Amino acid sequence: MNDQPEGPVLHPLLAGRWSPTTFDPAYEASPAEVEVLLEAARWAPSAGNSQPWAFIVGRRGDRTHRRLVRHLAGSSAAWALTASLLIANLAHRFVEGTDWEFSEFAVYDLGQAVAHLTVQAQALGLHVRQFRAFDRADLAAEFAVPSHWEVTTMAAVGRLPPALAASIDPEPAELLTRSRRALDDIVWTAG
């Protein structure tokens, strides 16, 4: 594993991205911030421009947020409640009324959309933690998600608490000691 890549320099939005488990419970994302996050997701590339994604967005304190919180596992409820937003990420997997896949790339395309949302959040001074510690089936039932859609993951979005934000060195390379596999380990060579 490698702490920081040598060679090409990552864009600061990518190098500074990390997934906190502590958010500022006083910070409230504005409707304009929510809109630009979803707009970033909307402009993600997708196979055949199918855009096979949808989002259930709850702002802390609203009815949707309370409904999302009910389905969190204990491990994620311990920290996710302080995030300003909870977002359930959905992929349009199948053609309604058939077993034909709508897009064999639907989950990949949703990942692209969430990645775009994540980078846009970083540009706004927000952080995103993606997670899977929640009851997918119960959440789908709660929001009447049709069976041809799949609830895949959730994302918690917010600002760092002021004390934590002040303690972090602003240089992306110094944000955290993070570990990634070496480039040679992620490039598949012909056998």
# chains A, B, ... in the order shown; residues from 1 in each chain; ligands from 1
$ residues_around --residues "Ala47 of chain A" --least-positions-apart "2" --cutoff "7 Å" --atoms "only C-alpha atoms" --output "PyMOL selection string"
chain A and resi 49-50+105
$ closest_residue --among "A:Val107, A:Gly125, A:Ile168, A:Glu150" --to "Ala137 of chain A" --atoms "only C-alpha atoms"
A:Glu150
$ atom_distance --atom1 "atom CA of Val57 of chain A" --atom2 "atom CA of Ala80 of chain A"
13.7 Å
$ residues_around --residues "Ala165 of chain A" --least-positions-apart "6" --cutoff "10 Å" --atoms "only C-alpha atoms" --output "ChimeraX atom specification"
/A:23-24,159
$ write_last_selection --atoms "all heavy atoms" --output "PDB file, in the first residue's frame"
ATOM      1  N   PHE A  23     -19.520  15.136  11.370  1.00  0.00           N
ATOM      2  CA  PHE A  23     -20.014  16.295  10.646  1.00  0.00           C
ATOM      3  C   PHE A  23     -20.462  17.355  11.641  1.00  0.00           C
ATOM      4  O   PHE A  23     -20.744  17.056  12.801  1.00  0.00           O
ATOM      5  CB  PHE A  23     -21.194  15.907   9.745  1.00  0.00           C
ATOM      6  CG  PHE A  23     -20.830  14.969   8.631  1.00  0.00           C
ATOM      7  CD1 PHE A  23     -20.990  13.600   8.771  1.00  0.00           C
ATOM      8  CD2 PHE A  23     -20.332  15.445   7.425  1.00  0.00           C
ATOM      9  CE1 PHE A  23     -20.662  12.731   7.754  1.00  0.00           C
ATOM     10  CE2 PHE A  23     -19.989  14.586   6.400  1.00  0.00           C
ATOM     11  CZ  PHE A  23     -20.159  13.225   6.556  1.00  0.00           C
ATOM     12  N   ASP A  24     -20.558  18.584  11.191  1.00  0.00           N
ATOM     13  CA  ASP A  24     -21.022  19.697  12.020  1.00  0.00           C
ATOM     14  C   ASP A  24     -22.544  19.603  12.144  1.00  0.00           C
ATOM     15  O   ASP A  24     -23.263  19.831  11.168  1.00  0.00           O
ATOM     16  CB  ASP A  24     -20.625  21.018  11.362  1.00  0.00           C
ATOM     17  CG  ASP A  24     -21.039  22.246  12.161  1.00  0.00           C
ATOM     18  OD1 ASP A  24     -21.767  22.097  13.161  1.00  0.00           O
ATOM     19  OD2 ASP A  24     -20.638  23.354  11.772  1.00  0.00           O
ATOM     20  N   ARG A 159     -20.619  19.447   6.459  1.00  0.00           N
ATOM     21  CA  ARG A 159     -19.363  20.158   6.747  1.00  0.00           C
ATOM     22  C   ARG A 159     -18.719  19.529   7.960  1.00  0.00           C
ATOM     23  O   ARG A 159     -19.396  18.960   8.814  1.00  0.00           O
ATOM     24  CB  ARG A 159     -19.644  21.630   7.063  1.00  0.00           C
ATOM     25  CG  ARG A 159     -20.006  22.423   5.853  1.00  0.00           C
ATOM     26  CD  ARG A 159     -19.146  23.671   5.726  1.00  0.00           C
ATOM     27  NE  ARG A 159     -19.279  24.158   4.368  1.00  0.00           N
ATOM     28  CZ  ARG A 159     -19.825  25.311   4.035  1.00  0.00           C
ATOM     29  NH1 ARG A 159     -20.261  26.116   4.968  1.00  0.00           N
ATOM     30  NH2 ARG A 159     -19.907  25.661   2.782  1.00  0.00           N
TER      31      ARG A 159
END
$ select_by_dssp --residues "chain A" --states "strand (DSSP E or B)" --output "PDB file with N, CA and C atoms, in the first residue's frame"
ATOM      1  N   ASN A   2       0.367   2.281  -0.584  1.00  0.00           N
ATOM      2  CA  ASN A   2       1.110   3.510  -0.796  1.00  0.00           C
ATOM      3  C   ASN A   2       0.377   4.667  -0.132  1.00  0.00           C
ATOM      4  N   TRP A  53     -30.344   6.683 -12.841  1.00  0.00           N
ATOM      5  CA  TRP A  53     -30.163   6.950 -11.420  1.00  0.00           C
ATOM      6  C   TRP A  53     -31.279   7.829 -10.897  1.00  0.00           C
ATOM      7  N   ALA A  54     -31.471   7.743  -9.609  1.00  0.00           N
ATOM      8  CA  ALA A  54     -32.407   8.624  -8.904  1.00  0.00           C
ATOM      9  C   ALA A  54     -31.911   8.717  -7.469  1.00  0.00           C
ATOM     10  N   PHE A  55     -32.377   9.731  -6.758  1.00  0.00           N
ATOM     11  CA  PHE A  55     -31.902   9.981  -5.405  1.00  0.00           C
ATOM     12  C   PHE A  55     -33.078  10.326  -4.495  1.00  0.00           C
ATOM     13  N   ILE A  56     -33.043   9.796  -3.300  1.00  0.00           N
ATOM     14  CA  ILE A  56     -33.973  10.196  -2.248  1.00  0.00           C
ATOM     15  C   ILE A  56     -33.152  11.083  -1.318  1.00  0.00           C
ATOM     16  N   VAL A  57     -33.514  12.354  -1.235  1.00  0.00           N
ATOM     17  CA  VAL A  57     -32.702  13.347  -0.523  1.00  0.00           C
ATOM     18  C   VAL A  57     -33.445  13.834   0.716  1.00  0.00           C
ATOM     19  N   GLY A  58     -32.809  13.660   1.862  1.00  0.00           N
ATOM     20  CA  GLY A  58     -33.363  14.163   3.112  1.00  0.00           C
ATOM     21  C   GLY A  58     -32.439  15.178   3.748  1.00  0.00           C
ATOM     22  N   ARG A  59     -32.962  16.375   4.008  1.00  0.00           N
ATOM     23  CA  ARG A  59     -32.202  17.393   4.745  1.00  0.00           C
ATOM     24  C   ARG A  59     -32.502  17.205   6.220  1.00  0.00           C
ATOM     25  N   LEU A  72     -31.299   3.195   9.076  1.00  0.00           N
ATOM     26  CA  LEU A  72     -29.858   3.113   9.284  1.00  0.00           C
ATOM     27  C   LEU A  72     -29.515   1.982  10.246  1.00  0.00           C
ATOM     28  N   LEU A  85     -27.162  16.227   5.101  1.00  0.00           N
ATOM     29  CA  LEU A  85     -27.999  15.526   4.129  1.00  0.00           C
ATOM     30  C   LEU A  85     -27.767  14.030   4.208  1.00  0.00           C
ATOM     31  N   LEU A  86     -28.825  13.279   4.019  1.00  0.00           N
ATOM     32  CA  LEU A  86     -28.726  11.853   3.753  1.00  0.00           C
ATOM     33  C   LEU A  86     -29.339  11.631   2.383  1.00  0.00           C
ATOM     34  N   ILE A  87     -28.622  10.901   1.554  1.00  0.00           N
ATOM     35  CA  ILE A  87     -29.080  10.657   0.188  1.00  0.00           C
ATOM     36  C   ILE A  87     -29.046   9.156  -0.071  1.00  0.00           C
ATOM     37  N   ALA A  88     -30.195   8.590  -0.443  1.00  0.00           N
ATOM     38  CA  ALA A  88     -30.241   7.201  -0.872  1.00  0.00           C
ATOM     39  C   ALA A  88     -30.048   7.189  -2.383  1.00  0.00           C
ATOM     40  N   ASN A  89     -29.166   6.331  -2.863  1.00  0.00           N
ATOM     41  CA  ASN A  89     -28.798   6.258  -4.276  1.00  0.00           C
ATOM     42  C   ASN A  89     -29.481   5.058  -4.926  1.00  0.00           C
ATOM     43  N   LEU A  90     -30.222   5.316  -5.998  1.00  0.00           N
ATOM     44  CA  LEU A  90     -31.000   4.276  -6.669  1.00  0.00           C
ATOM     45  C   LEU A  90     -30.532   4.097  -8.107  1.00  0.00           C
ATOM     46  N   ALA A  91     -30.510   2.845  -8.559  1.00  0.00           N
ATOM     47  CA  ALA A  91     -30.159   2.516  -9.941  1.00  0.00           C
ATOM     48  C   ALA A  91     -31.362   1.876 -10.622  1.00  0.00           C
ATOM     49  N   HIS A  92     -31.638   2.310 -11.847  1.00  0.00           N
ATOM     50  CA  HIS A  92     -32.723   1.734 -12.646  1.00  0.00           C
ATOM     51  C   HIS A  92     -32.169   0.488 -13.336  1.00  0.00           C
ATOM     52  N   PHE A  94     -33.838  -2.689 -14.206  1.00  0.00           N
ATOM     53  CA  PHE A  94     -34.596  -3.566 -15.106  1.00  0.00           C
ATOM     54  C   PHE A  94     -35.705  -2.804 -15.829  1.00  0.00           C
ATOM     55  N   GLU A 101     -32.613  -6.457 -18.400  1.00  0.00           N
ATOM     56  CA  GLU A 101     -31.876  -5.363 -17.769  1.00  0.00           C
ATOM     57  C   GLU A 101     -32.110  -4.082 -18.554  1.00  0.00           C
ATOM     58  N   HIS A 127     -18.178  17.533   2.628  1.00  0.00           N
ATOM     59  CA  HIS A 127     -17.614  16.189   2.558  1.00  0.00           C
ATOM     60  C   HIS A 127     -18.737  15.183   2.397  1.00  0.00           C
ATOM     61  N   VAL A 128     -18.413  14.067   1.758  1.00  0.00           N
ATOM     62  CA  VAL A 128     -19.384  13.001   1.525  1.00  0.00           C
ATOM     63  C   VAL A 128     -18.805  11.701   2.044  1.00  0.00           C
ATOM     64  N   ARG A 129     -19.616  10.969   2.774  1.00  0.00           N
ATOM     65  CA  ARG A 129     -19.245   9.608   3.154  1.00  0.00           C
ATOM     66  C   ARG A 129     -20.306   8.685   2.568  1.00  0.00           C
ATOM     67  N   GLN A 130     -19.856   7.805   1.681  1.00  0.00           N
ATOM     68  CA  GLN A 130     -20.758   6.820   1.096  1.00  0.00           C
ATOM     69  C   GLN A 130     -20.767   5.590   1.994  1.00  0.00           C
ATOM     70  N   PHE A 131     -21.938   4.964   2.105  1.00  0.00           N
ATOM     71  CA  PHE A 131     -22.019   3.802   2.996  1.00  0.00           C
ATOM     72  C   PHE A 131     -23.146   2.864   2.589  1.00  0.00           C
ATOM     73  N   PHE A 134     -27.332   0.082   6.092  1.00  0.00           N
ATOM     74  CA  PHE A 134     -28.750   0.398   6.262  1.00  0.00           C
ATOM     75  C   PHE A 134     -29.552  -0.748   5.658  1.00  0.00           C
ATOM     76  N   TRP A 149     -36.225  -0.738  -9.853  1.00  0.00           N
ATOM     77  CA  TRP A 149     -35.183   0.145  -9.319  1.00  0.00           C
ATOM     78  C   TRP A 149     -34.512  -0.566  -8.162  1.00  0.00           C
ATOM     79  N   GLU A 150     -33.230  -0.297  -7.946  1.00  0.00           N
ATOM     80  CA  GLU A 150     -32.489  -0.910  -6.842  1.00  0.00           C
ATOM     81  C   GLU A 150     -31.896   0.174  -5.951  1.00  0.00           C
ATOM     82  N   VAL A 151     -32.250   0.123  -4.662  1.00  0.00           N
ATOM     83  CA  VAL A 151     -31.586   0.982  -3.688  1.00  0.00           C
ATOM     84  C   VAL A 151     -30.202   0.375  -3.478  1.00  0.00           C
ATOM     85  N   THR A 152     -29.168   1.145  -3.721  1.00  0.00           N
ATOM     86  CA  THR A 152     -27.820   0.567  -3.692  1.00  0.00           C
ATOM     87  C   THR A 152     -27.025   0.993  -2.462  1.00  0.00           C
ATOM     88  N   THR A 153     -26.847   2.295  -2.296  1.00  0.00           N
ATOM     89  CA  THR A 153     -26.012   2.838  -1.229  1.00  0.00           C
ATOM     90  C   THR A 153     -26.652   4.110  -0.703  1.00  0.00           C
ATOM     91  N   MET A 154     -26.028   4.689   0.306  1.00  0.00           N
ATOM     92  CA  MET A 154     -26.420   6.006   0.796  1.00  0.00           C
ATOM     93  C   MET A 154     -25.179   6.879   0.875  1.00  0.00           C
ATOM     94  N   ALA A 155     -25.407   8.175   0.942  1.00  0.00           N
ATOM     95  CA  ALA A 155     -24.321   9.130   1.124  1.00  0.00           C
ATOM     96  C   ALA A 155     -24.741  10.119   2.204  1.00  0.00           C
ATOM     97  N   ALA A 156     -23.823  10.406   3.097  1.00  0.00           N
ATOM     98  CA  ALA A 156     -24.017  11.450   4.110  1.00  0.00           C
ATOM     99  C   ALA A 156     -23.182  12.635   3.657  1.00  0.00           C
ATOM    100  N   VAL A 157     -23.786  13.827   3.679  1.00  0.00           N
ATOM    101  CA  VAL A 157     -23.117  15.029   3.176  1.00  0.00           C
ATOM    102  C   VAL A 157     -23.179  16.115   4.242  1.00  0.00           C
ATOM    103  N   GLY A 158     -22.062  16.779   4.471  1.00  0.00           N
ATOM    104  CA  GLY A 158     -22.063  17.870   5.432  1.00  0.00           C
ATOM    105  C   GLY A 158     -20.714  18.551   5.505  1.00  0.00           C
ATOM    106  N   ARG A 180      -3.423   3.648  -0.314  1.00  0.00           N
ATOM    107  CA  ARG A 180      -3.941   3.177  -1.590  1.00  0.00           C
ATOM    108  C   ARG A 180      -2.946   2.173  -2.161  1.00  0.00           C
TER     109      ARG A 180
END
$ residues_around --residues "Glu142 of chain A" --least-positions-apart "2" --cutoff "10 Å" --atoms "only C-alpha atoms" --output "mmCIF file with N, CA and C atoms, in the first residue's frame"
data_model
loop_
_atom_site.group_PDB
_atom_site.id
_atom_site.type_symbol
_atom_site.label_atom_id
_atom_site.label_comp_id
_atom_site.auth_asym_id
_atom_site.auth_seq_id
_atom_site.Cartn_x
_atom_site.Cartn_y
_atom_site.Cartn_z
ATOM 1 N N ARG A 67 -37.486 9.714 7.758
ATOM 2 C CA ARG A 67 -37.838 8.415 7.179
ATOM 3 C C ARG A 67 -36.576 7.631 6.794
ATOM 4 N N LEU A 68 -35.561 8.307 6.273
ATOM 5 C CA LEU A 68 -34.303 7.632 5.933
ATOM 6 C C LEU A 68 -33.603 7.117 7.179
ATOM 7 N N ARG A 70 -34.695 6.036 9.912
ATOM 8 C CA ARG A 70 -35.299 4.812 10.479
ATOM 9 C C ARG A 70 -34.639 3.537 9.982
ATOM 10 N N HIS A 71 -33.983 3.606 8.849
ATOM 11 C CA HIS A 71 -33.438 2.398 8.232
ATOM 12 C C HIS A 71 -31.925 2.257 8.368
ATOM 13 N N ARG A 136 -31.692 -2.013 3.049
ATOM 14 C CA ARG A 136 -32.102 -1.631 1.692
ATOM 15 C C ARG A 136 -33.550 -2.006 1.401
ATOM 16 N N ALA A 137 -33.938 -3.201 1.782
ATOM 17 C CA ALA A 137 -35.299 -3.660 1.485
ATOM 18 C C ALA A 137 -36.340 -2.817 2.212
ATOM 19 N N ASP A 138 -36.105 -2.539 3.483
ATOM 20 C CA ASP A 138 -37.067 -1.731 4.238
ATOM 21 C C ASP A 138 -37.108 -0.298 3.728
ATOM 22 N N LEU A 139 -35.961 0.243 3.342
ATOM 23 C CA LEU A 139 -35.943 1.596 2.795
ATOM 24 C C LEU A 139 -36.720 1.636 1.477
ATOM 25 N N ALA A 140 -36.524 0.629 0.626
ATOM 26 C CA ALA A 140 -37.263 0.567 -0.641
ATOM 27 C C ALA A 140 -38.763 0.493 -0.382
ATOM 28 N N ALA A 144 -41.649 3.252 -1.377
ATOM 29 C CA ALA A 144 -42.376 2.651 -2.500
ATOM 30 C C ALA A 144 -41.530 2.635 -3.777
ATOM 31 N N VAL A 145 -40.279 2.190 -3.626
ATOM 32 C CA VAL A 145 -39.373 2.095 -4.780
ATOM 33 C C VAL A 145 -39.797 0.869 -5.597
#
$ atom_distance --atom1 "atom CA of Trp43 of chain A" --atom2 "atom CA of Trp100 of chain A"
25.6 Å
$ atom_distance --atom1 "atom CA of Trp79 of chain A" --atom2 "atom CA of Pro25 of chain A"
10.2 Å
$ select_by_dssp --residues "segment 6-174 of chain A" --states "alpha helix (DSSP H)" --output "PyMOL selection string"
chain A and resi 12-15+31-42+63-69+74-80+106-123+136-142+162-167
$ residues_around --residues "Ala115 of chain A" --least-positions-apart "6" --cutoff "10 Å" --atoms "only C-alpha atoms" --output "PDB file with N, CA, C and O atoms, in the first residue's frame"
ATOM      1  N   ALA A  40     -24.781  18.286 -10.505  1.00  0.00           N
ATOM      2  CA  ALA A  40     -23.511  17.625 -10.833  1.00  0.00           C
ATOM      3  C   ALA A  40     -23.750  16.154 -11.147  1.00  0.00           C
ATOM      4  O   ALA A  40     -23.184  15.611 -12.116  1.00  0.00           O
ATOM      5  N   ALA A  41     -24.575  15.493 -10.345  1.00  0.00           N
ATOM      6  CA  ALA A  41     -24.906  14.088 -10.602  1.00  0.00           C
ATOM      7  C   ALA A  41     -25.634  13.938 -11.935  1.00  0.00           C
ATOM      8  O   ALA A  41     -25.371  13.007 -12.708  1.00  0.00           O
ATOM      9  N   ALA A  44     -23.470  13.607 -15.097  1.00  0.00           N
ATOM     10  CA  ALA A  44     -22.511  12.498 -15.203  1.00  0.00           C
ATOM     11  C   ALA A  44     -22.745  11.732 -16.506  1.00  0.00           C
ATOM     12  O   ALA A  44     -23.870  11.674 -17.011  1.00  0.00           O
ATOM     13  N   ASP A 109     -23.060   3.397 -13.878  1.00  0.00           N
ATOM     14  CA  ASP A 109     -23.469   4.764 -14.198  1.00  0.00           C
ATOM     15  C   ASP A 109     -23.890   5.526 -12.940  1.00  0.00           C
ATOM     16  O   ASP A 109     -23.565   6.706 -12.788  1.00  0.00           O
ATOM     17  N   ALA A 121     -19.406  18.367  -4.147  1.00  0.00           N
ATOM     18  CA  ALA A 121     -19.483  18.653  -2.710  1.00  0.00           C
ATOM     19  C   ALA A 121     -18.146  19.166  -2.205  1.00  0.00           C
ATOM     20  O   ALA A 121     -18.080  20.149  -1.459  1.00  0.00           O
ATOM     21  N   VAL A 128     -18.413  14.067   1.758  1.00  0.00           N
ATOM     22  CA  VAL A 128     -19.384  13.001   1.525  1.00  0.00           C
ATOM     23  C   VAL A 128     -18.805  11.701   2.044  1.00  0.00           C
ATOM     24  O   VAL A 128     -17.638  11.386   1.789  1.00  0.00           O
ATOM     25  N   GLN A 130     -19.856   7.805   1.681  1.00  0.00           N
ATOM     26  CA  GLN A 130     -20.758   6.820   1.096  1.00  0.00           C
ATOM     27  C   GLN A 130     -20.767   5.590   1.994  1.00  0.00           C
ATOM     28  O   GLN A 130     -19.737   5.223   2.550  1.00  0.00           O
TER      29      GLN A 130
END
$ closest_residue --among "A:Val9, A:Trp188, A:Pro52, A:Thr64" --to "Leu110 of chain A" --atoms "only C-alpha atoms"
A:Pro52
$ decode --residues "segment 153-164 of chain A" --atoms "all heavy atoms" --output "CSV table (one decimal), in the first residue's frame"
chain,number,residue,atom,x,y,z
A,153,THR,N,-26.8,2.3,-2.3
A,153,THR,CA,-26.0,2.8,-1.2
A,153,THR,C,-26.7,4.1,-0.7
A,153,THR,O,-27.7,4.6,-1.2
A,153,THR,CB,-24.6,3.2,-1.8
A,153,THR,OG1,-24.7,4.1,-2.9
A,153,THR,CG2,-23.8,2.0,-2.2
A,154,MET,N,-26.0,4.7,0.3
A,154,MET,CA,-26.4,6.0,0.8
A,154,MET,C,-25.2,6.9,0.9
A,154,MET,O,-24.1,6.4,0.9
A,154,MET,CB,-27.1,5.9,2.2
A,154,MET,CG,-28.5,5.4,2.1
A,154,MET,SD,-29.3,5.3,3.7
A,154,MET,CE,-29.7,7.0,3.9
A,155,ALA,N,-25.4,8.2,0.9
A,155,ALA,CA,-24.3,9.1,1.1
A,155,ALA,C,-24.7,10.1,2.2
A,155,ALA,O,-25.9,10.6,2.2
A,155,ALA,CB,-24.0,9.9,-0.2
A,156,ALA,N,-23.8,10.4,3.1
A,156,ALA,CA,-24.0,11.4,4.1
A,156,ALA,C,-23.2,12.6,3.7
A,156,ALA,O,-22.0,12.5,3.3
A,156,ALA,CB,-23.6,11.0,5.5
A,157,VAL,N,-23.8,13.8,3.7
A,157,VAL,CA,-23.1,15.0,3.2
A,157,VAL,C,-23.2,16.1,4.2
A,157,VAL,O,-24.2,16.3,4.8
A,157,VAL,CB,-23.8,15.6,1.9
A,157,VAL,CG1,-23.1,16.8,1.3
A,157,VAL,CG2,-23.9,14.5,0.8
A,158,GLY,N,-22.1,16.8,4.5
A,158,GLY,CA,-22.1,17.9,5.4
A,158,GLY,C,-20.7,18.6,5.5
A,158,GLY,O,-19.8,18.3,4.7
A,159,ARG,N,-20.6,19.4,6.5
A,159,ARG,CA,-19.4,20.2,6.7
A,159,ARG,C,-18.7,19.5,8.0
A,159,ARG,O,-19.4,19.0,8.8
A,159,ARG,CB,-19.6,21.6,7.1
A,159,ARG,CG,-20.0,22.4,5.9
A,159,ARG,CD,-19.1,23.7,5.7
A,159,ARG,NE,-19.3,24.2,4.4
A,159,ARG,CZ,-19.8,25.3,4.0
A,159,ARG,NH1,-20.3,26.1,5.0
A,159,ARG,NH2,-19.9,25.7,2.8
A,160,LEU,N,-17.4,19.7,8.0
A,160,LEU,CA,-16.7,19.2,9.2
A,160,LEU,C,-17.0,20.2,10.4
A,160,LEU,O,-17.3,21.4,10.2
A,160,LEU,CB,-15.2,19.2,9.0
A,160,LEU,CG,-14.7,18.3,7.9
A,160,LEU,CD1,-13.2,18.5,7.8
A,160,LEU,CD2,-15.0,16.9,8.3
A,161,PRO,N,-17.0,19.7,11.6
A,161,PRO,CA,-17.2,20.6,12.8
A,161,PRO,C,-16.0,21.6,12.8
A,161,PRO,O,-14.9,21.2,12.4
A,161,PRO,CB,-17.1,19.6,14.0
A,161,PRO,CG,-17.3,18.3,13.5
A,161,PRO,CD,-16.9,18.3,12.0
A,162,PRO,N,-16.3,22.8,13.2
A,162,PRO,CA,-15.3,23.9,13.1
A,162,PRO,C,-13.9,23.5,13.8
A,162,PRO,O,-12.9,23.7,13.2
A,162,PRO,CB,-15.9,25.1,13.8
A,162,PRO,CG,-17.4,24.9,13.6
A,162,PRO,CD,-17.6,23.4,13.6
A,163,ALA,N,-14.0,22.8,14.9
A,163,ALA,CA,-12.8,22.5,15.6
A,163,ALA,C,-12.0,21.5,14.8
A,163,ALA,O,-10.7,21.6,14.7
A,163,ALA,CB,-13.1,21.9,17.0
A,164,LEU,N,-12.6,20.5,14.2
A,164,LEU,CA,-11.9,19.5,13.4
A,164,LEU,C,-11.4,20.2,12.1
A,164,LEU,O,-10.2,19.9,11.7
A,164,LEU,CB,-12.8,18.3,13.0
A,164,LEU,CG,-12.3,17.3,12.1
A,164,LEU,CD1,-11.0,16.6,12.8
A,164,LEU,CD2,-13.3,16.2,11.8
